[in-house]
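Here is the file final.csv (CSV, C-alpha atoms).
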chain,number,residue,atom,x,y,z
A,1,MET,CA,39.1,111.3,141.8
A,2,GLY,CA,41.5,110.2,139.1
A,3,VAL,CA,45.3,110.2,139.3
A,4,MET,CA,47.4,111.9,136.6
A,5,PHE,CA,51.0,111.0,135.8
A,6,VAL,CA,53.6,111.5,133.1
A,7,PHE,CA,55.1,108.4,131.4
A,8,SER,CA,57.8,109.8,129.2
A,9,ASN,CA,61.6,110.3,129.2
A,10,LYS,CA,61.9,112.0,125.9
A,11,ALA,CA,62.6,115.5,127.2
A,12,LYS,CA,65.4,114.2,129.5
A,13,SER,CA,67.4,112.5,126.6
A,14,GLN,CA,66.7,114.8,123.7
A,15,LEU,CA,69.9,115.9,121.9
A,16,LEU,CA,68.2,118.6,119.8
A,17,LEU,CA,66.8,121.9,121.0
A,18,ASN,CA,63.6,123.4,119.4
A,19,GLN,CA,63.3,120.1,117.6
A,20,ASP,CA,59.7,120.9,116.6
A,21,PHE,CA,60.4,124.5,115.5
A,22,GLU,CA,57.7,125.9,117.8
A,23,ASN,CA,59.9,128.4,119.6
A,24,TYR,CA,61.0,131.6,117.9
A,25,THR,CA,62.6,134.9,118.8
A,26,THR,CA,60.3,136.8,116.5
A,27,CYS,CA,57.7,135.5,114.0
A,28,PRO,CA,59.0,134.8,110.5
A,29,THR,CA,57.7,137.1,107.8
A,30,ALA,CA,59.7,135.9,104.8
A,31,GLY,CA,61.9,133.1,103.6
A,32,ASN,CA,65.4,132.4,104.8
A,33,GLN,CA,64.7,133.3,108.4
A,34,VAL,CA,65.8,130.0,110.0
A,35,SER,CA,67.8,131.8,112.6
A,36,LEU,CA,64.6,133.0,114.3
A,37,ALA,CA,64.1,129.4,115.4
A,38,VAL,CA,67.1,129.4,117.8
A,39,PRO,CA,69.5,127.6,117.8
A,40,TRP,CA,69.0,126.5,114.2
A,41,VAL,CA,70.9,128.4,111.5
A,42,SER,CA,71.2,128.2,107.7
A,43,PHE,CA,74.1,126.0,106.7
A,44,SER,CA,73.7,126.6,102.9
A,45,GLY,CA,70.9,128.1,100.8
A,46,SER,CA,67.8,129.6,102.2
A,47,VAL,CA,65.6,127.2,104.0
A,48,ASP,CA,62.2,128.6,104.8
A,49,TYR,CA,61.0,128.7,108.4
A,50,VAL,CA,57.2,128.3,108.6
A,51,ASN,CA,55.4,129.6,111.8
A,52,CYS,CA,53.1,132.3,113.1
A,53,GLY,CA,50.9,132.2,110.1
A,54,TYR,CA,53.8,132.7,107.7
A,55,THR,CA,54.0,130.0,105.0
A,56,SER,CA,55.5,129.3,101.6
A,57,TRP,CA,54.5,126.8,99.0
A,58,GLY,CA,51.4,126.0,101.0
A,59,ALA,CA,53.5,124.4,103.8
A,60,THR,CA,51.9,123.4,107.1
A,61,ALA,CA,53.4,121.8,110.2
A,62,SER,CA,52.9,118.2,111.1
A,63,SER,CA,51.7,119.4,114.6
A,64,GLY,CA,51.7,122.8,116.2
A,65,THR,CA,52.5,125.7,113.9
A,66,GLY,CA,56.2,125.5,113.2
A,67,CYS,CA,58.2,123.5,110.6
A,68,MET,CA,61.0,123.8,108.1
A,69,LEU,CA,60.9,123.7,104.3
A,70,SER,CA,64.0,122.6,102.3
A,71,PHE,CA,64.2,123.3,98.5
A,72,HIS,CA,66.6,122.4,95.8
A,73,ASN,CA,66.7,122.1,92.0
A,74,ALA,CA,68.5,119.1,90.4
A,75,SER,CA,70.0,119.1,86.9
A,76,PHE,CA,72.2,116.0,86.6
A,77,SER,CA,72.7,116.1,82.9
A,78,GLY,CA,74.4,118.5,80.4
A,79,PRO,CA,77.0,121.1,81.2
A,80,THR,CA,75.3,122.3,84.4
A,81,ALA,CA,75.0,119.0,86.1
A,82,GLY,CA,74.6,119.2,89.8
A,83,PHE,CA,72.4,120.7,92.5
A,84,LEU,CA,71.2,124.3,92.0
A,85,ASN,CA,70.7,126.1,95.4
A,86,PRO,CA,70.5,123.1,97.7
A,87,GLU,CA,69.3,124.2,101.2
A,88,TYR,CA,70.5,122.9,104.5
A,89,ILE,CA,70.1,123.9,108.2
A,90,SER,CA,72.3,123.1,111.2
A,91,SER,CA,72.2,123.1,115.0
A,92,PRO,CA,74.5,122.2,117.9
A,93,LEU,CA,73.6,119.1,119.9
A,94,THR,CA,72.9,119.4,123.6
A,95,VAL,CA,75.8,117.0,124.3
A,96,PRO,CA,78.3,115.4,121.9
A,97,LEU,CA,77.7,111.9,120.6
A,98,ILE,CA,79.6,109.2,122.4
A,99,PRO,CA,81.6,106.9,120.0
A,100,GLY,CA,80.3,103.4,120.0
A,101,ASN,CA,76.9,104.3,121.4
A,102,THR,CA,73.6,103.7,119.6
A,103,TYR,CA,71.3,106.6,118.9
A,104,TYR,CA,67.7,106.6,118.0
A,105,VAL,CA,66.2,109.1,115.5
A,106,SER,CA,62.6,110.0,114.5
A,107,TRP,CA,61.2,112.8,112.5
A,108,ASP,CA,58.2,113.7,110.3
A,109,LEU,CA,58.7,114.3,106.6
A,110,ASN,CA,56.4,115.5,103.8
A,111,ASN,CA,57.1,115.8,100.1
A,112,ILE,CA,55.2,118.7,98.7
A,113,GLN,CA,56.9,118.9,95.3
A,114,ASN,CA,58.0,116.6,92.5
A,115,PRO,CA,60.6,113.9,93.4
A,116,ALA,CA,64.2,114.5,92.3
A,117,CYS,CA,67.4,112.5,92.4
A,118,ALA,CA,68.2,113.2,96.1
A,119,ASP,CA,67.3,111.5,99.4
A,120,PHE,CA,66.9,113.5,102.6
A,121,GLY,CA,69.1,113.0,105.6
A,122,MET,CA,71.0,114.1,108.7
A,123,LEU,CA,74.8,114.3,108.9
A,124,PHE,CA,76.4,114.6,112.3
A,125,TYR,CA,79.8,116.4,112.4
A,126,ASN,CA,82.2,118.3,114.6
A,127,SER,CA,82.1,122.1,114.5
A,128,ALA,CA,85.9,122.2,114.0
A,129,THR,CA,85.6,120.3,110.7
A,130,PRO,CA,82.3,121.1,109.0
A,131,PRO,CA,81.4,119.4,105.8
A,132,THR,CA,81.4,121.2,102.5
A,133,VAL,CA,78.8,121.7,99.8
A,134,GLY,CA,79.8,120.6,96.3
A,135,ALA,CA,78.2,120.4,92.9
A,136,PHE,CA,76.1,117.5,94.0
A,137,GLY,CA,75.2,118.9,97.4
A,138,LEU,CA,76.6,118.1,100.8
A,139,VAL,CA,79.9,116.2,100.7
A,140,GLY,CA,79.8,113.3,103.2
A,141,THR,CA,77.9,110.2,104.2
A,142,PRO,CA,74.8,110.9,106.4
A,143,GLN,CA,74.2,108.7,109.4
A,144,VAL,CA,70.4,109.1,108.8
A,145,LEU,CA,69.0,108.9,105.3
A,146,VAL,CA,65.4,108.6,104.0
A,147,PRO,CA,65.0,107.5,100.3
A,148,GLN,CA,63.0,110.2,98.5
A,149,ALA,CA,60.6,107.5,97.1
A,150,SER,CA,59.6,106.7,100.7
A,151,ILE,CA,58.4,110.2,101.6
A,152,PRO,CA,54.7,110.5,100.9
A,153,ALA,CA,53.4,113.3,98.7
A,154,ASN,CA,51.5,116.1,100.5
A,155,SER,CA,51.2,114.3,103.8
A,156,TYR,CA,53.5,113.7,106.8
A,157,ALA,CA,54.9,110.3,107.7
A,158,THR,CA,57.1,109.5,110.8
A,159,PHE,CA,60.4,107.9,110.0
A,160,THR,CA,62.6,106.1,112.7
A,161,HIS,CA,66.3,105.2,112.5
A,162,THR,CA,69.2,104.0,114.6
A,163,PHE,CA,72.9,104.6,114.0
A,164,VAL,CA,76.1,104.0,115.9
A,165,ALA,CA,78.3,107.1,116.6
A,166,THR,CA,81.8,106.9,115.2
A,167,ALA,CA,83.1,110.2,116.7
A,168,ALA,CA,82.2,112.8,119.3
A,169,HIS,CA,80.2,114.9,116.8
A,170,ASN,CA,78.6,118.0,118.3
A,171,ARG,CA,76.4,119.4,115.5
A,172,VAL,CA,74.0,118.1,112.9
A,173,VAL,CA,73.2,119.4,109.4
A,174,ILE,CA,69.9,118.4,107.6
A,175,GLY,CA,69.0,118.5,103.9
A,176,PRO,CA,69.2,116.7,100.5
A,177,PHE,CA,71.8,114.1,99.5
A,178,TRP,CA,72.3,113.0,95.9
A,179,ASN,CA,71.4,109.3,95.5
A,180,GLY,CA,73.3,108.8,92.2
A,181,GLY,CA,70.3,108.7,89.9
A,182,PRO,CA,70.1,110.7,86.6
A,183,CYS,CA,67.5,113.4,86.3
A,184,ALA,CA,67.2,116.9,84.8
A,185,GLY,CA,65.3,120.0,85.7
A,186,TYR,CA,63.5,118.7,88.8
A,187,THR,CA,62.5,120.6,91.9
A,188,LYS,CA,62.3,119.0,95.3
A,189,ILE,CA,60.6,120.5,98.4
A,190,ILE,CA,60.7,118.6,101.7
A,191,LEU,CA,58.9,119.7,104.9
A,192,PHE,CA,60.4,118.4,108.2
A,193,ASP,CA,59.1,118.6,111.7
A,194,ASN,CA,59.0,116.9,115.2
A,195,MET,CA,62.5,115.6,115.2
A,196,SER,CA,64.2,113.5,118.0
A,197,VAL,CA,67.7,112.3,118.5
A,198,SER,CA,68.2,110.4,121.7
A,199,PRO,CA,70.5,107.8,123.3
A,200,ASN,CA,67.4,106.0,124.6
A,201,PRO,CA,65.0,103.8,122.6
A,202,PRO,CA,61.8,105.6,121.9
A,203,LEU,CA,58.8,104.7,124.0
A,204,PRO,CA,56.0,103.0,122.1
A,205,ILE,CA,53.8,105.8,123.4
A,206,ASP,CA,54.2,109.1,125.2
A,207,LEU,CA,51.3,108.8,127.8
A,208,VAL,CA,50.4,112.2,129.0
A,209,SER,CA,47.7,111.1,131.4
A,210,PHE,CA,45.6,108.1,132.6
A,211,GLU,CA,42.7,109.0,134.8
A,212,GLY,CA,39.6,107.4,136.3
A,213,GLU,CA,36.4,109.2,137.5
A,214,LYS,CA,33.4,108.0,139.4
A,215,MET,CA,30.0,108.1,137.9
A,216,SER,CA,26.7,107.1,139.7
A,217,ASN,CA,27.0,103.4,139.0
A,218,SER,CA,30.1,103.2,136.9
A,219,ASN,CA,33.6,104.5,136.4
A,220,MET,CA,35.0,106.4,133.3
A,221,LEU,CA,38.6,105.7,132.4
A,222,LYS,CA,40.4,108.2,130.1
A,223,TRP,CA,43.9,108.5,128.8
A,224,VAL,CA,45.8,110.8,126.4
A,225,THR,CA,48.9,110.2,124.3
A,226,SER,CA,51.1,112.8,122.6
A,227,SER,CA,52.8,110.3,120.2
A,228,GLU,CA,52.6,106.7,119.3
A,229,ILE,CA,55.0,104.4,117.5
A,230,ASN,CA,53.9,100.9,116.2
A,231,ASN,CA,51.1,100.9,118.8
A,232,SER,CA,48.7,98.1,118.1
A,233,TYR,CA,46.2,98.4,121.0
A,234,PHE,CA,45.5,99.3,124.6
A,235,THR,CA,44.1,97.0,127.3
A,236,VAL,CA,42.4,98.4,130.4
A,237,GLU,CA,42.7,96.0,133.4
A,238,LYS,CA,40.9,96.2,136.7
A,239,SER,CA,41.3,94.8,140.2
A,240,LYS,CA,39.6,94.9,143.6
A,241,ASP,CA,42.8,94.5,145.5
A,242,GLY,CA,45.5,96.1,143.3
A,243,LYS,CA,47.2,92.7,142.9
A,244,VAL,CA,45.1,90.3,140.8
A,245,PHE,CA,43.9,92.0,137.6
A,246,GLU,CA,41.3,91.0,134.9
A,247,ILE,CA,40.7,92.5,131.5
A,248,LEU,CA,38.1,95.2,131.3
A,249,GLY,CA,38.4,95.8,127.6
A,250,THR,CA,40.6,96.7,124.6
A,251,VAL,CA,40.9,99.8,122.4
A,252,GLU,CA,42.7,99.9,119.0
A,253,GLY,CA,45.8,102.1,119.0
A,254,ALA,CA,46.7,104.6,116.2
A,255,GLY,CA,49.8,102.7,115.0
A,256,ASN,CA,52.0,105.7,114.4
A,257,SER,CA,51.0,109.2,115.5
A,258,SER,CA,52.7,112.5,116.4
A,259,VAL,CA,49.6,114.4,117.5
A,260,GLN,CA,47.7,114.3,120.8
A,261,LEU,CA,45.0,111.6,120.9
A,262,SER,CA,42.3,110.9,123.5
A,263,TYR,CA,40.8,107.5,124.5
A,264,ASN,CA,38.2,106.4,127.0
A,265,MET,CA,36.5,103.3,128.4
A,266,LEU,CA,33.5,102.8,130.7
A,267,ASP,CA,33.5,100.3,133.6
A,268,SER,CA,29.8,99.6,134.3
A,269,LYS,CA,30.5,97.2,137.2
A,270,PRO,CA,33.1,98.8,139.5
A,271,HIS,CA,34.0,97.7,143.0
A,272,LEU,CA,33.7,99.9,146.0
A,273,VAL,CA,37.3,100.8,145.3
A,274,THR,CA,38.6,99.7,141.9
A,275,TYR,CA,42.3,99.6,140.8
A,276,TYR,CA,43.1,100.1,137.1
A,277,ARG,CA,46.2,99.8,134.9
A,278,LEU,CA,46.7,100.4,131.2
A,279,LYS,CA,48.6,97.9,129.1
A,280,GLN,CA,50.0,99.1,125.7
A,281,THR,CA,50.9,96.4,123.1
A,282,ASP,CA,53.1,96.8,120.0
A,283,TYR,CA,52.5,95.2,116.6
A,284,ASP,CA,55.3,92.7,117.5
A,285,GLY,CA,53.6,91.7,120.7
A,286,LYS,CA,55.8,93.6,123.1
A,287,TYR,CA,53.9,95.4,125.9
A,288,LYS,CA,54.3,97.9,128.7
A,289,TYR,CA,52.1,98.7,131.7
A,290,SER,CA,51.3,102.1,133.2
A,291,LYS,CA,51.2,102.9,136.8
A,292,ILE,CA,48.2,101.7,138.8
A,293,ILE,CA,45.4,104.2,139.6
A,294,SER,CA,42.3,103.8,141.9
A,295,VAL,CA,38.8,105.1,141.8
A,296,SER,CA,36.5,105.1,144.9
A,297,ASN,CA,32.8,104.6,144.4
A,298,SER,CA,31.9,105.8,147.9
A,299,GLY,CA,31.2,109.5,148.5
A,300,VAL,CA,28.4,111.7,147.3
A,301,GLU,CA,25.2,109.8,147.8
A,302,ASP,CA,22.7,112.7,147.8
A,303,LEU,CA,23.7,114.1,144.4
A,304,LYS,CA,20.5,114.6,142.3
A,305,LEU,CA,19.9,115.8,138.7
A,306,TYR,CA,16.4,116.8,137.7
A,307,PRO,CA,14.4,116.7,135.7
A,308,ASN,CA,16.0,113.8,133.8
A,309,PRO,CA,15.2,113.6,130.9
A,310,VAL,CA,15.3,117.4,130.5
A,311,LYS,CA,14.4,119.9,127.8
A,312,ASP,CA,15.7,123.4,128.9
A,313,LYS,CA,17.1,123.7,132.4
A,314,LEU,CA,18.9,121.0,134.5
A,315,THR,CA,19.1,121.4,138.2
A,316,ILE,CA,22.0,119.7,140.1
A,317,SER,CA,21.6,119.6,143.9
A,318,SER,CA,23.7,118.2,146.8
A,319,LYS,CA,24.0,118.7,150.5
A,320,LYS,CA,27.8,119.1,149.9
A,321,ASN,CA,29.3,122.2,148.4
A,322,ILE,CA,29.5,122.0,144.6
A,323,GLN,CA,32.6,123.8,143.3
A,324,LYS,CA,32.2,123.4,139.5
A,325,ILE,CA,29.8,121.9,137.0
A,326,GLU,CA,30.8,120.9,133.5
A,327,VAL,CA,28.8,119.1,130.8
A,328,LEU,CA,30.5,116.4,128.6
A,329,ASP,CA,29.2,114.6,125.5
A,330,ILE,CA,29.1,110.8,125.7
A,331,SER,CA,32.7,110.6,124.4
A,332,GLY,CA,34.0,112.7,127.3
A,333,LYS,CA,34.5,115.9,125.3
A,334,LYS,CA,33.5,119.1,127.2
A,335,VAL,CA,30.5,120.9,125.8
A,336,ARG,CA,30.4,124.7,125.8
A,337,LEU,CA,27.4,126.2,127.6
A,338,GLU,CA,26.3,129.8,127.8
A,339,LYS,CA,25.2,129.9,131.4
A,340,VAL,CA,25.4,128.0,134.8
A,341,THR,CA,23.7,129.9,137.7
A,342,ASP,CA,23.0,128.5,141.2
A,343,ASN,CA,23.7,125.0,140.0
A,344,VAL,CA,21.1,125.3,137.2
A,345,ILE,CA,22.3,124.7,133.7
A,346,ASP,CA,20.7,126.1,130.6
A,347,ILE,CA,20.9,123.2,128.1
A,348,SER,CA,18.3,124.5,125.6
A,349,THR,CA,20.9,124.9,122.9
A,350,LEU,CA,22.2,121.3,123.1
A,351,SER,CA,21.2,118.7,120.5
A,352,LYS,CA,19.1,115.8,121.7
A,353,GLY,CA,21.1,112.9,123.2
A,354,ILE,CA,22.9,111.5,126.2
A,355,TYR,CA,25.3,113.8,128.1
A,356,ILE,CA,27.3,113.6,131.3
A,357,ALA,CA,27.3,116.2,134.1
A,358,ARG,CA,30.8,116.4,135.7
A,359,VAL,CA,30.3,117.7,139.2
A,360,THR,CA,33.4,118.8,141.2
A,361,PHE,CA,33.4,118.8,145.0
A,362,GLN,CA,36.2,119.7,147.4
A,363,SER,CA,37.8,116.2,147.4
A,364,THR,CA,36.0,114.2,144.7
A,365,VAL,CA,34.6,114.4,141.2
A,366,VAL,CA,31.3,112.7,140.3
A,367,LEU,CA,29.9,112.0,136.8
A,368,GLU,CA,26.1,111.6,136.2
A,369,LYS,CA,24.3,110.9,132.9
A,370,PHE,CA,21.3,112.8,131.8
A,371,ILE,CA,19.2,112.8,128.6
A,372,LYS,CA,18.5,116.0,126.6
A,373,GLU,CA,15.1,115.8,124.9

Any chance you could put this one into structure tokens?
Amino acid sequence: MGVMFVFSNKAKSQLLLNQDFENYTTCPTAGNQVSLAVPWVSFSGSVDYVNCGYTSWGATASSGTGCMLSFHNASFSGPTAGFLNPEYISSPLTVPLIPGNTYYVSWDLNNIQNPACADFGMLFYNSATPPTVGAFGLVGTPQVLVPQASIPANSYATFTHTFVATAAHNRVVIGPFWNGGPCAGYTKIILFDNMSVSPNPPLPIDLVSFEGEKMSNSNMLKWVTSSEINNSYFTVEKSKDGKVFEILGTVEGAGNSSVQLSYNMLDSKPHLVTYYRLKQTDYDGKYKYSKIISVSNSGVEDLKLYPNPVKDKLTISSKKNIQKIEVLDISGKKVRLEKVTDNVIDISTLSKGIYIARVTFQSTVVLEKFIKE
């Protein structure tokens, strides 16, 4: 049976709370309800909190259901030059910044309205001396700034930054910062989501799990990532002794991703006991290894599936006690079935093709292929 492990330190070093805006005291029902996403509060203006089905301007989250929407008008010509109603939100940090230390920032941004003469950024400050909002928005130099021209229209992109702390700041404020350019009568709406501020460099990937499962004459390797940064490709390596490894195959990575992704690879020539490890390689050639897992190909020898090929009902039998039966498609995705009775599966509603029966015993899991006619 496969081994599952977590390969991430993000949660331990995160300086922001509720950084993806998924947690709320009650569901938002209108704009200007930032405070429902504790501990975030409105610093200036009326940022919209999107979650629980409530939305504004057609906003959607980068992942999950929660995100924030910042709006402002810009009129940088004539007697009313300046920002009109710039919107900012603020939150305390879990611990103050340490002067001289480097911090790593990532967040997802989406421009869903016309560009204006303002970039989008984070300004870290001390709660005893908060910045002020003037005619041209927040007064101060942000430590993190994304040029408005870099933010894609109507789609999210992940931006990463580093900065060196100059003081023991304990709060952050987020919103528009004037970039000095002339414009008049423009509106800017930015969505932001999935933020991270950490004293540790971001991992190339957040590996949720890496598992291996025995099939009749092969092993299925599966792994899941929750995020990827500059991830070029994965390499699965195998070994018969857990010391000397050879390459089984490679799978292209997603590059940059903030959503959960699943991968798999089939080993058609496993050893009696096979050891596996996953190697992740960046675009710049740097790489990291996962922990080593093992898959044993000894075990249930009397497992039978019949008839195979099958049209309507598939019988699965074994002298050992079967605890659970699941059906997967060839990619490893679970197929929903209406009925499993006495180890007989009604597959009459499935489309024709190759499927995998995943049979769980007390101490092992076995996968067997069958063909639906």

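In this comparison, which uses all atoms listed in the file, the residue of A:Tyr233, A:Phe210, A:Phe361, A:Phe120 approaching Asn179 of chain A most closely is A:Phe120.
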
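Distances here use only C-alpha atoms; by that measure, the residue among A:Lys243, A:Arg277, A:His161, A:Lys238 closest to Val144 of chain A is A:His161.
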
> So which residues are close to (59.2, 119.1, 110.1), meaning at most 8 Å away in the file's coordinates with all atoms listed in the file counted, and can you show them as a list in words?
Replying inline: Asp20, Phe21, Ala61, Ser62, Gly66, Cys67, Met68, Leu69, Trp107, Asp108, Leu109, Asn110, Leu191, Phe192, Asp193, Asn194 and Met195 of chain A

> Hey, what's within 10 Å of Ala30 of chain A if we count all atoms listed in the file and toss same-chain stuff fewer than 5 positions away? As JSON, numbers by chain, please?
Replying inline: {"A": [48, 49, 50, 54, 55, 56]}

Contacts of segment 199-274 of chain A with segment 301-308 of chain A up to 12 Å, shortest pair per row, only C-alpha atoms, as a Markdown table:
| residue | atom | partner | partner_atom | distance |
| --- | --- | --- | --- | --- |
| A:Lys214 | CA | A:Glu301 | CA | 11.9 |
| A:Met215 | CA | A:Leu303 | CA | 10.9 |
| A:Ser216 | CA | A:Glu301 | CA | 8.7 |
| A:Asn217 | CA | A:Glu301 | CA | 11.0 |

> From the list A:Ile174, A:Leu93, A:Val164, A:Ile347, which residue is nearest Asn126 of chain A when using all atoms listed in the file?
Replying inline: A:Leu93

> When distances are computed from only C-alpha atoms, which of A:Gly353, A:Gly121, A:Pro270, A:Gly175 shows the smallest separation from Val47 of chain A?
Replying inline: A:Gly175

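Among the candidates A:Gly53, A:Gly45, A:Pro309, A:Gly242, the one nearest to Pro28 of chain A when counting only C-alpha atoms is A:Gly53.
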
> Taking all atoms listed in the file into account, which of A:Leu16, A:Ala149, A:Ile190, A:Val335 comes nearest Tyr88 of chain A?
Replying inline: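 Closest to Tyr88 of chain A, using all atoms listed in the file: A:Ile190.
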
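Going from atom CA of Pro39 of chain A to atom CA of Leu145 of chain A covers 22.5 Å.
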
>> Taking 2 positions as the minimum chain separation for residues in the same chain, which residues sit within 7 Å of Gln148 of chain A when counting only C-alpha atoms? Answer as a ChimeraX atom specification.
In response: /A:115,118-120,146,150-151

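Across the structure, atom CA of Tyr275 of chain A and atom CA of Ser218 of chain A are spaced 13.3 Å apart.
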
>> (75.8, 108.7, 100.1) in this file's frame - what residues fall within 9 Å of it? Use all atoms listed in the file and give the answer as a list in words.
In response: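 Counting all atoms listed in the file, I find these residues within 9 Å of (75.8, 108.7, 100.1): Asp119, Val139, Gly140, Thr141, Pro142, Leu145, Phe177, Trp178, Asn179 and Gly180 of chain A.
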